[in-house]
Structure formats: C-alpha cells, structure tokens
file model13.pdb (PDB, C-alpha atoms)
ATOM      1  CA  MET A   1      94.063  88.223 106.784  1.00  0.00           C
ATOM      2  CA  ILE A   2      97.685  89.282 106.200  1.00  0.00           C
ATOM      3  CA  LYS A   3      99.615  86.918 103.951  1.00  0.00           C
ATOM      4  CA  GLU A   4     103.398  86.937 103.765  1.00  0.00           C
ATOM      5  CA  ILE A   5     104.279  86.334 100.114  1.00  0.00           C
ATOM      6  CA  ARG A   6     107.994  86.248 100.888  1.00  0.00           C
ATOM      7  CA  TYR A   7     109.419  87.468 104.132  1.00  0.00           C
ATOM      8  CA  TYR A   8     112.782  87.544 105.880  1.00  0.00           C
ATOM      9  CA  LYS A   9     113.195  88.265 109.563  1.00  0.00           C
ATOM     10  CA  ILE A  10     116.794  88.663 110.638  1.00  0.00           C
ATOM     11  CA  PRO A  11     117.474  86.604 113.816  1.00  0.00           C
ATOM     12  CA  ALA A  12     117.939  88.707 116.986  1.00  0.00           C
ATOM     13  CA  PRO A  13     121.632  87.771 117.485  1.00  0.00           C
ATOM     14  CA  LEU A  14     122.397  88.921 113.917  1.00  0.00           C
ATOM     15  CA  ILE A  15     120.483  92.171 114.422  1.00  0.00           C
ATOM     16  CA  GLU A  16     122.596  92.770 117.517  1.00  0.00           C
ATOM     17  CA  GLU A  17     125.734  92.143 115.446  1.00  0.00           C
ATOM     18  CA  GLN A  18     124.531  94.531 112.725  1.00  0.00           C
ATOM     19  CA  SER A  19     123.896  97.243 115.305  1.00  0.00           C
ATOM     20  CA  LYS A  20     127.554  96.983 116.374  1.00  0.00           C
ATOM     21  CA  ASN A  21     129.205  96.296 113.001  1.00  0.00           C
ATOM     22  CA  ARG A  22     130.927  99.467 111.749  1.00  0.00           C
ATOM     23  CA  MET A  23     129.777  98.650 108.204  1.00  0.00           C
ATOM     24  CA  THR A  24     126.070  98.389 109.083  1.00  0.00           C
ATOM     25  CA  CYS A  25     125.432 100.116 112.429  1.00  0.00           C
ATOM     26  CA  ASP A  26     124.332 103.376 110.802  1.00  0.00           C
ATOM     27  CA  LEU A  27     121.448 101.781 108.832  1.00  0.00           C
ATOM     28  CA  TYR A  28     120.229  98.186 108.851  1.00  0.00           C
ATOM     29  CA  PHE A  29     116.952  96.383 108.339  1.00  0.00           C
ATOM     30  CA  THR A  30     115.531  93.856 110.778  1.00  0.00           C
ATOM     31  CA  GLU A  31     112.718  92.448 108.593  1.00  0.00           C
ATOM     32  CA  ILE A  32     111.930  92.773 104.914  1.00  0.00           C
ATOM     33  CA  GLY A  33     109.295  91.221 102.717  1.00  0.00           C
ATOM     34  CA  GLU A  34     106.194  91.367 100.614  1.00  0.00           C
ATOM     35  CA  VAL A  35     102.784  91.165 102.272  1.00  0.00           C
ATOM     36  CA  GLU A  36      99.250  90.992 100.967  1.00  0.00           C
ATOM     37  CA  VAL A  37      96.425  92.576 102.930  1.00  0.00           C
ATOM     38  CA  GLU A  38      93.173  90.842 102.104  1.00  0.00           C
ATOM     39  CA  GLN A  39      90.260  93.047 101.046  1.00  0.00           C
ATOM     40  CA  GLY A  40      88.402  94.505 104.017  1.00  0.00           C
ATOM     41  CA  THR A  41      91.229  93.590 106.419  1.00  0.00           C
ATOM     42  CA  ILE A  42      93.022  95.752 108.977  1.00  0.00           C
ATOM     43  CA  TRP A  43      96.818  95.514 108.987  1.00  0.00           C
ATOM     44  CA  GLY A  44      98.751  96.967 111.869  1.00  0.00           C
ATOM     45  CA  ILE A  45     100.762  96.261 114.942  1.00  0.00           C
ATOM     46  CA  PRO A  46      98.858  96.795 118.207  1.00  0.00           C
ATOM     47  CA  GLN A  47     101.844  98.363 119.973  1.00  0.00           C
ATOM     48  CA  LYS A  48     104.477 100.993 119.279  1.00  0.00           C
ATOM     49  CA  LEU A  49     107.018  99.910 116.690  1.00  0.00           C
ATOM     50  CA  GLU A  50     110.516  99.045 117.870  1.00  0.00           C
ATOM     51  CA  ASN A  51     111.897  99.990 114.437  1.00  0.00           C
ATOM     52  CA  HIS A  52     110.913 102.292 111.592  1.00  0.00           C
ATOM     53  CA  LEU A  53     108.654 100.785 108.907  1.00  0.00           C
ATOM     54  CA  LEU A  54     108.797 101.496 105.180  1.00  0.00           C
ATOM     55  CA  ALA A  55     105.666 100.271 103.349  1.00  0.00           C
ATOM     56  CA  TYR A  56     105.454 100.643  99.555  1.00  0.00           C
ATOM     57  CA  CYS A  57     102.037  99.906  98.037  1.00  0.00           C
ATOM     58  CA  THR A  58     102.397  97.938  94.798  1.00  0.00           C
ATOM     59  CA  ARG A  59      98.716  97.007  94.404  1.00  0.00           C
ATOM     60  CA  GLY A  60      95.364  97.970  95.886  1.00  0.00           C
ATOM     61  CA  SER A  61      94.409 100.850  98.141  1.00  0.00           C
ATOM     62  CA  GLY A  62      93.058 101.741 101.541  1.00  0.00           C
ATOM     63  CA  ILE A  63      93.296 104.108 104.461  1.00  0.00           C
ATOM     64  CA  PHE A  64      96.478 104.536 106.509  1.00  0.00           C
ATOM     65  CA  MET A  65      95.958 105.710 110.073  1.00  0.00           C
ATOM     66  CA  ILE A  66      98.673 107.142 112.314  1.00  0.00           C
ATOM     67  CA  SER A  67      98.417 109.491 115.300  1.00  0.00           C
ATOM     68  CA  GLY A  68      94.661 109.840 114.769  1.00  0.00           C
ATOM     69  CA  GLU A  69      95.132 111.027 111.182  1.00  0.00           C
ATOM     70  CA  GLN A  70      93.540 109.105 108.283  1.00  0.00           C
ATOM     71  CA  LEU A  71      95.218 109.253 104.878  1.00  0.00           C
ATOM     72  CA  PRO A  72      94.386 107.446 101.636  1.00  0.00           C
ATOM     73  CA  VAL A  73      97.074 105.155 100.213  1.00  0.00           C
ATOM     74  CA  ALA A  74      97.064 103.626  96.722  1.00  0.00           C
ATOM     75  CA  LYS A  75      99.403 101.887  94.272  1.00  0.00           C
ATOM     76  CA  ASP A  76     102.795 103.594  93.911  1.00  0.00           C
ATOM     77  CA  GLN A  77     102.465 105.417  97.226  1.00  0.00           C
ATOM     78  CA  PHE A  78     104.445 104.696 100.354  1.00  0.00           C
ATOM     79  CA  PHE A  79     104.509 105.548 104.016  1.00  0.00           C
ATOM     80  CA  ILE A  80     107.218 105.454 106.631  1.00  0.00           C
ATOM     81  CA  VAL A  81     106.152 104.893 110.212  1.00  0.00           C
ATOM     82  CA  PRO A  82     108.733 106.177 112.701  1.00  0.00           C
ATOM     83  CA  GLU A  83     109.796 103.947 115.570  1.00  0.00           C
ATOM     84  CA  ASN A  84     107.690 104.326 118.732  1.00  0.00           C
ATOM     85  CA  GLU A  85     104.527 104.958 116.674  1.00  0.00           C
ATOM     86  CA  GLU A  86     101.487 102.758 116.045  1.00  0.00           C
ATOM     87  CA  PHE A  87      99.722 102.439 112.696  1.00  0.00           C
ATOM     88  CA  ARG A  88      96.777 100.769 110.994  1.00  0.00           C
ATOM     89  CA  PHE A  89      96.040 100.173 107.324  1.00  0.00           C
ATOM     90  CA  TYR A  90      92.437  99.466 106.332  1.00  0.00           C
ATOM     91  CA  SER A  91      92.284  97.692 102.970  1.00  0.00           C
ATOM     92  CA  VAL A  92      89.387  98.538 100.625  1.00  0.00           C
ATOM     93  CA  LEU A  93      86.501  96.075 100.445  1.00  0.00           C
ATOM     94  CA  ASP A  94      86.783  95.118  96.768  1.00  0.00           C
ATOM     95  CA  GLU A  95      90.465  94.210  96.228  1.00  0.00           C
ATOM     96  CA  ASN A  96      93.529  92.962  98.062  1.00  0.00           C
ATOM     97  CA  SER A  97      96.423  95.340  98.700  1.00  0.00           C
ATOM     98  CA  ARG A  98     100.062  94.374  98.385  1.00  0.00           C
ATOM     99  CA  PHE A  99     103.095  96.015  99.996  1.00  0.00           C
ATOM    100  CA  LEU A 100     106.847  95.704  99.908  1.00  0.00           C
ATOM    101  CA  VAL A 101     107.889  96.360 103.511  1.00  0.00           C
ATOM    102  CA  ALA A 102     111.039  96.830 105.548  1.00  0.00           C
ATOM    103  CA  PHE A 103     111.540  97.400 109.257  1.00  0.00           C
ATOM    104  CA  PHE A 104     114.804  99.243 109.845  1.00  0.00           C
ATOM    105  CA  ASN A 105     116.940 101.093 112.379  1.00  0.00           C
ATOM    106  CA  GLY A 106     120.375 102.598 112.939  1.00  0.00           C
ATOM    107  CA  GLU A 107     121.907 106.010 113.574  1.00  0.00           C
ATOM    108  CA  LYS A 108     121.160 107.290 110.054  1.00  0.00           C
ATOM    109  CA  SER A 109     117.489 106.391 110.442  1.00  0.00           C
ATOM    110  CA  LYS A 110     117.331 108.699 113.449  1.00  0.00           C
ATOM    111  CA  LEU A 111     118.994 111.505 111.479  1.00  0.00           C
ATOM    112  CA  MET A 112     116.660 110.963 108.513  1.00  0.00           C
ATOM    113  CA  GLY A 113     113.569 111.080 110.726  1.00  0.00           C
ATOM    114  CA  LYS A 114     112.852 114.659 109.670  1.00  0.00           C
ATOM    115  CA  GLU A 115     112.704 113.480 106.041  1.00  0.00           C
ATOM    116  CA  PHE A 116     110.080 110.806 106.770  1.00  0.00           C
ATOM    117  CA  SER A 117     106.754 111.784 105.347  1.00  0.00           C
ATOM    118  CA  VAL A 118     103.439 110.327 106.350  1.00  0.00           C
ATOM    119  CA  VAL A 119     102.350 109.305 102.827  1.00  0.00           C
ATOM    120  CA  GLY A 120     104.431 109.968  99.752  1.00  0.00           C
ATOM    121  CA  ASN A 121     103.621 109.807  96.076  1.00  0.00           C
ATOM    122  CA  LEU A 122     105.989 108.255  93.586  1.00  0.00           C
ATOM    123  CA  ILE A 123     105.882 110.032  90.256  1.00  0.00           C
ATOM    124  CA  PRO A 124     107.603 108.014  87.528  1.00  0.00           C
ATOM    125  CA  SER A 125     110.726 109.744  86.269  1.00  0.00           C
ATOM    126  CA  VAL A 126     114.360 109.007  85.659  1.00  0.00           C
ATOM    127  CA  GLN A 127     115.420 111.153  88.610  1.00  0.00           C
ATOM    128  CA  ASN A 128     113.479 109.418  91.393  1.00  0.00           C
ATOM    129  CA  MET A 129     114.131 105.768  90.502  1.00  0.00           C
ATOM    130  CA  VAL A 130     110.528 104.494  90.576  1.00  0.00           C
ATOM    131  CA  ALA A 131     111.291 101.695  88.131  1.00  0.00           C
ATOM    132  CA  ASN A 132     114.307 100.518  90.127  1.00  0.00           C
ATOM    133  CA  ARG A 133     112.684 100.224  93.567  1.00  0.00           C
ATOM    134  CA  GLU A 134     111.193  96.807  92.952  1.00  0.00           C
ATOM    135  CA  MET A 135     114.496  95.732  91.386  1.00  0.00           C
ATOM    136  CA  LEU A 136     116.333  96.761  94.585  1.00  0.00           C
ATOM    137  CA  PHE A 137     113.839  94.822  96.728  1.00  0.00           C
ATOM    138  CA  GLU A 138     114.394  91.808  94.430  1.00  0.00           C
ATOM    139  CA  GLU A 139     118.170  92.139  94.794  1.00  0.00           C
ATOM    140  CA  ILE A 140     117.816  92.077  98.577  1.00  0.00           C
ATOM    141  CA  PHE A 141     115.377  89.112  98.520  1.00  0.00           C
ATOM    142  CA  ASN A 142     117.598  87.107  96.142  1.00  0.00           C
ATOM    143  CA  ASN A 143     120.667  87.642  98.288  1.00  0.00           C
ATOM    144  CA  LEU A 144     118.903  86.874 101.569  1.00  0.00           C
ATOM    145  CA  ALA A 145     117.800  83.567 100.029  1.00  0.00           C
ATOM    146  CA  LYS A 146     121.523  82.686  99.885  1.00  0.00           C
ATOM    147  CA  GLY A 147     121.958  83.000 103.645  1.00  0.00           C
ATOM    148  CA  PHE A 148     122.632  85.422 106.468  1.00  0.00           C
ATOM    149  CA  HIS A 149     126.446  85.380 106.523  1.00  0.00           C
ATOM    150  CA  ASP A 150     128.301  88.593 107.461  1.00  0.00           C
ATOM    151  CA  GLU A 151     129.345  89.775 103.996  1.00  0.00           C
ATOM    152  CA  ASN A 152     125.894  89.085 102.576  1.00  0.00           C
ATOM    153  CA  LEU A 153     124.214  91.067 105.361  1.00  0.00           C
ATOM    154  CA  GLU A 154     126.602  93.950 104.771  1.00  0.00           C
ATOM    155  CA  TYR A 155     125.835  93.897 101.038  1.00  0.00           C
ATOM    156  CA  VAL A 156     122.039  93.772 101.416  1.00  0.00           C
ATOM    157  CA  ASN A 157     122.147  96.582 103.970  1.00  0.00           C
ATOM    158  CA  PHE A 158     124.079  98.757 101.510  1.00  0.00           C
ATOM    159  CA  CYS A 159     121.399  97.938  98.922  1.00  0.00           C
ATOM    160  CA  PHE A 160     118.752  98.840 101.486  1.00  0.00           C
ATOM    161  CA  GLY A 161     120.367 102.242 102.121  1.00  0.00           C
ATOM    162  CA  HIS A 162     120.137 102.982  98.397  1.00  0.00           C
ATOM    163  CA  LEU A 163     116.532 101.748  98.331  1.00  0.00           C
ATOM    164  CA  LEU A 164     115.495 103.847 101.331  1.00  0.00           C
ATOM    165  CA  ALA A 165     117.047 106.973  99.808  1.00  0.00           C
ATOM    166  CA  THR A 166     114.877 106.549  96.696  1.00  0.00           C
ATOM    167  CA  PHE A 167     111.833 106.894  98.949  1.00  0.00           C
ATOM    168  CA  VAL A 168     113.057 109.525 101.409  1.00  0.00           C
ATOM    169  CA  TYR A 169     114.197 111.807  98.593  1.00  0.00           C
ATOM    170  CA  ALA A 170     111.521 110.724  96.060  1.00  0.00           C
ATOM    171  CA  SER A 171     110.097 114.203  95.585  1.00  0.00           C
ATOM    172  CA  LYS A 172     113.476 115.801  94.970  1.00  0.00           C
ATOM    173  CA  THR A 173     115.310 115.813  91.673  1.00  0.00           C
ATOM    174  CA  SER A 174     119.042 116.257  91.325  1.00  0.00           C
ATOM    175  CA  GLU A 175     118.352 119.913  90.499  1.00  0.00           C
ATOM    176  CA  ASP A 176     116.425 120.369  93.773  1.00  0.00           C
ATOM    177  CA  LEU A 177     119.253 118.814  95.750  1.00  0.00           C
ATOM    178  CA  ALA A 178     121.838 120.976  93.985  1.00  0.00           C
ATOM    179  CA  GLU A 179     119.956 124.118  95.029  1.00  0.00           C
ATOM    180  CA  GLU A 180     119.998 123.002  98.684  1.00  0.00           C
ATOM    181  CA  THR A 181     123.728 122.297  98.833  1.00  0.00           C
ATOM    182  CA  ASN A 182     126.555 124.589  99.741  1.00  0.00           C
ATOM    183  CA  PRO A 183     126.928 127.264  97.012  1.00  0.00           C
ATOM    184  CA  VAL A 184     130.695 126.719  97.004  1.00  0.00           C
ATOM    185  CA  VAL A 185     130.163 123.122  95.891  1.00  0.00           C
ATOM    186  CA  ARG A 186     127.793 124.025  93.026  1.00  0.00           C
ATOM    187  CA  ARG A 187     129.155 124.289  89.506  1.00  0.00           C
TER     188      ARG A 187
END

call {"tool": "encode", "arguments": {"input": "model13.pdb", "output": "structure tokens"}}
result
Amino acid sequence: MIKEIRYYKIPAPLIEEQSKNRMTCDLYFTEIGEVEVEQGTIWGIPQKLENHLLAYCTRGSGIFMISGEQLPVAKDQFFIVPENEEFRFYSVLDENSRFLVAFFNGEKSKLMGKEFSVVGNLIPSVQNMVANREMLFEEIFNNLAKGFHDENLEYVNFCFGHLLATFVYASKTSEDLAEETNPVVRR
C-alpha cells in the first residue's frame, strides 16, 4: 500500500497558468508530497509519466526499476524519472520506505534532462546541501498549506528550483563547477 503522509496536487487550471506565467513557465511542480511505501509493496505508475519525477528516499530501501534496469535505492539516495518513462519501486520485505517526491515540468526541466541520473547518492557535506533538502521541502509544504494564490505559487516554485538544483548537481562541489566554467570568468 502507498500512503500519502502529506501531499499537494496543484489543480489543472493552476498548472496551465504556471506553464504560461513568465515567472514560473521555465520550471514548476505539479504535485509534491511525502509518501510511504509499505514493506513488500510495489510503487509505480502503470503508464508513461506526463511530468518528470524526483523521488528522495528518506527511510527504507528497495529496488528501483526503469527501462528494464534494476538499481538498489536506500536512505539518502534519490532518482529522477524523466517524463515519458515508466518506473517501479519494490520496497524491501522487512521495513517501510519513505520518499519526498515532486512531479515537475517546464522548459528548464527539458534542458536539465541530460543532468538527470538514474540513482544518485547524497554524501553529506556543506557543498551539496544534504541537510537543507528536507528544510526546502518543509518550506514548500508550509507555504502550500496557506493556499494556491499566484504569489505563493511563484514563491514555492522558486524554492523548488533551488531544491531541484541540490539534487541535479549533488555530486559537484563549487570547485568542480568552477573548473567547468568559462576560463575568462574564473578568478
């Protein structure tokens, strides 16, 4: 069984507005929440995803399956499923698994697609913001609890962009990024 601990699904008319709003059209989420996958349960969507999915494992473990490939997933690991893909997560038999999840889309998500990894590890350090990820999810949840008005949706989507970047660039430190940039810009 899949249990939604807390979950927000943005209504379709508001998603349509976000996709056209100049402040949010480049990156916006359509659903965000915390889910628990009961031990021995299969979590997945039986059709291709309409949006990308970020899933951050905060407890438990299991096997993530995408495109016929099986990969282990445990606490402090994440996966991003690109839109138009199917996935399954098989929870272990002896403990429940818990995930912070977000379905998202927008022009930037299409550009970042090359950065999406199948399963990523989060190594605690100051540079990759491990400690702040749950805080950013909390900030989004707390603000969504106040309503779905325009300014609030713009704010939480900016927070989400920051949150997503901490996953997409999790394996890179500021030194790694500096080496990849234009040499003229480097100090």

call {"tool": "atom_distance", "arguments": {"input": "model13.pdb", "atom1": "atom CA of A:Tyr7", "atom2": "atom CA of A:Gly60"}}
result
19.4 Å

call {"tool": "closest_residue", "arguments": {"input": "model13.pdb", "among": "A:Ile10, A:Ala102, A:Met65, A:Cys25", "to": "A:Asn51", "atoms": "all atoms listed in the file"}}
result
A:Ala102

call {"tool": "resolve_selection", "arguments": {"input": "model13.pdb", "expression": "the PyMOL selection byres ((chain A and resi 137-144) around 9)", "output": "VMD selection string"}}
result
chain A and resid 6 to 8 32 to 33 100 132 to 136 145 to 148 152 to 153 155 to 157 159 to 160 163

call {"tool": "residues_near_point", "arguments": {"input": "model13.pdb", "point": "(110.9, 103.4, 109.2)", "cutoff": "9 Å", "atoms": "only C-alpha atoms", "output": "count of residues only"}}
result
17

call {"tool": "resolve_selection", "arguments": {"input": "model13.pdb", "expression": "the PyMOL selection byres ((chain A and resi 43) around 10)", "output": "list in words"}}
result
Met1, Ile2, Val35, Glu36, Val37, Glu38, Gly40, Thr41, Ile42, Gly44, Ile45, Pro46, Phe64, Phe87, Arg88, Phe89, Tyr90 and Ser91 of chain A

call {"tool": "atom_distance", "arguments": {"input": "model13.pdb", "atom1": "atom CA of A:Arg22", "atom2": "atom CA of A:Lys48"}}
result
27.5 Å
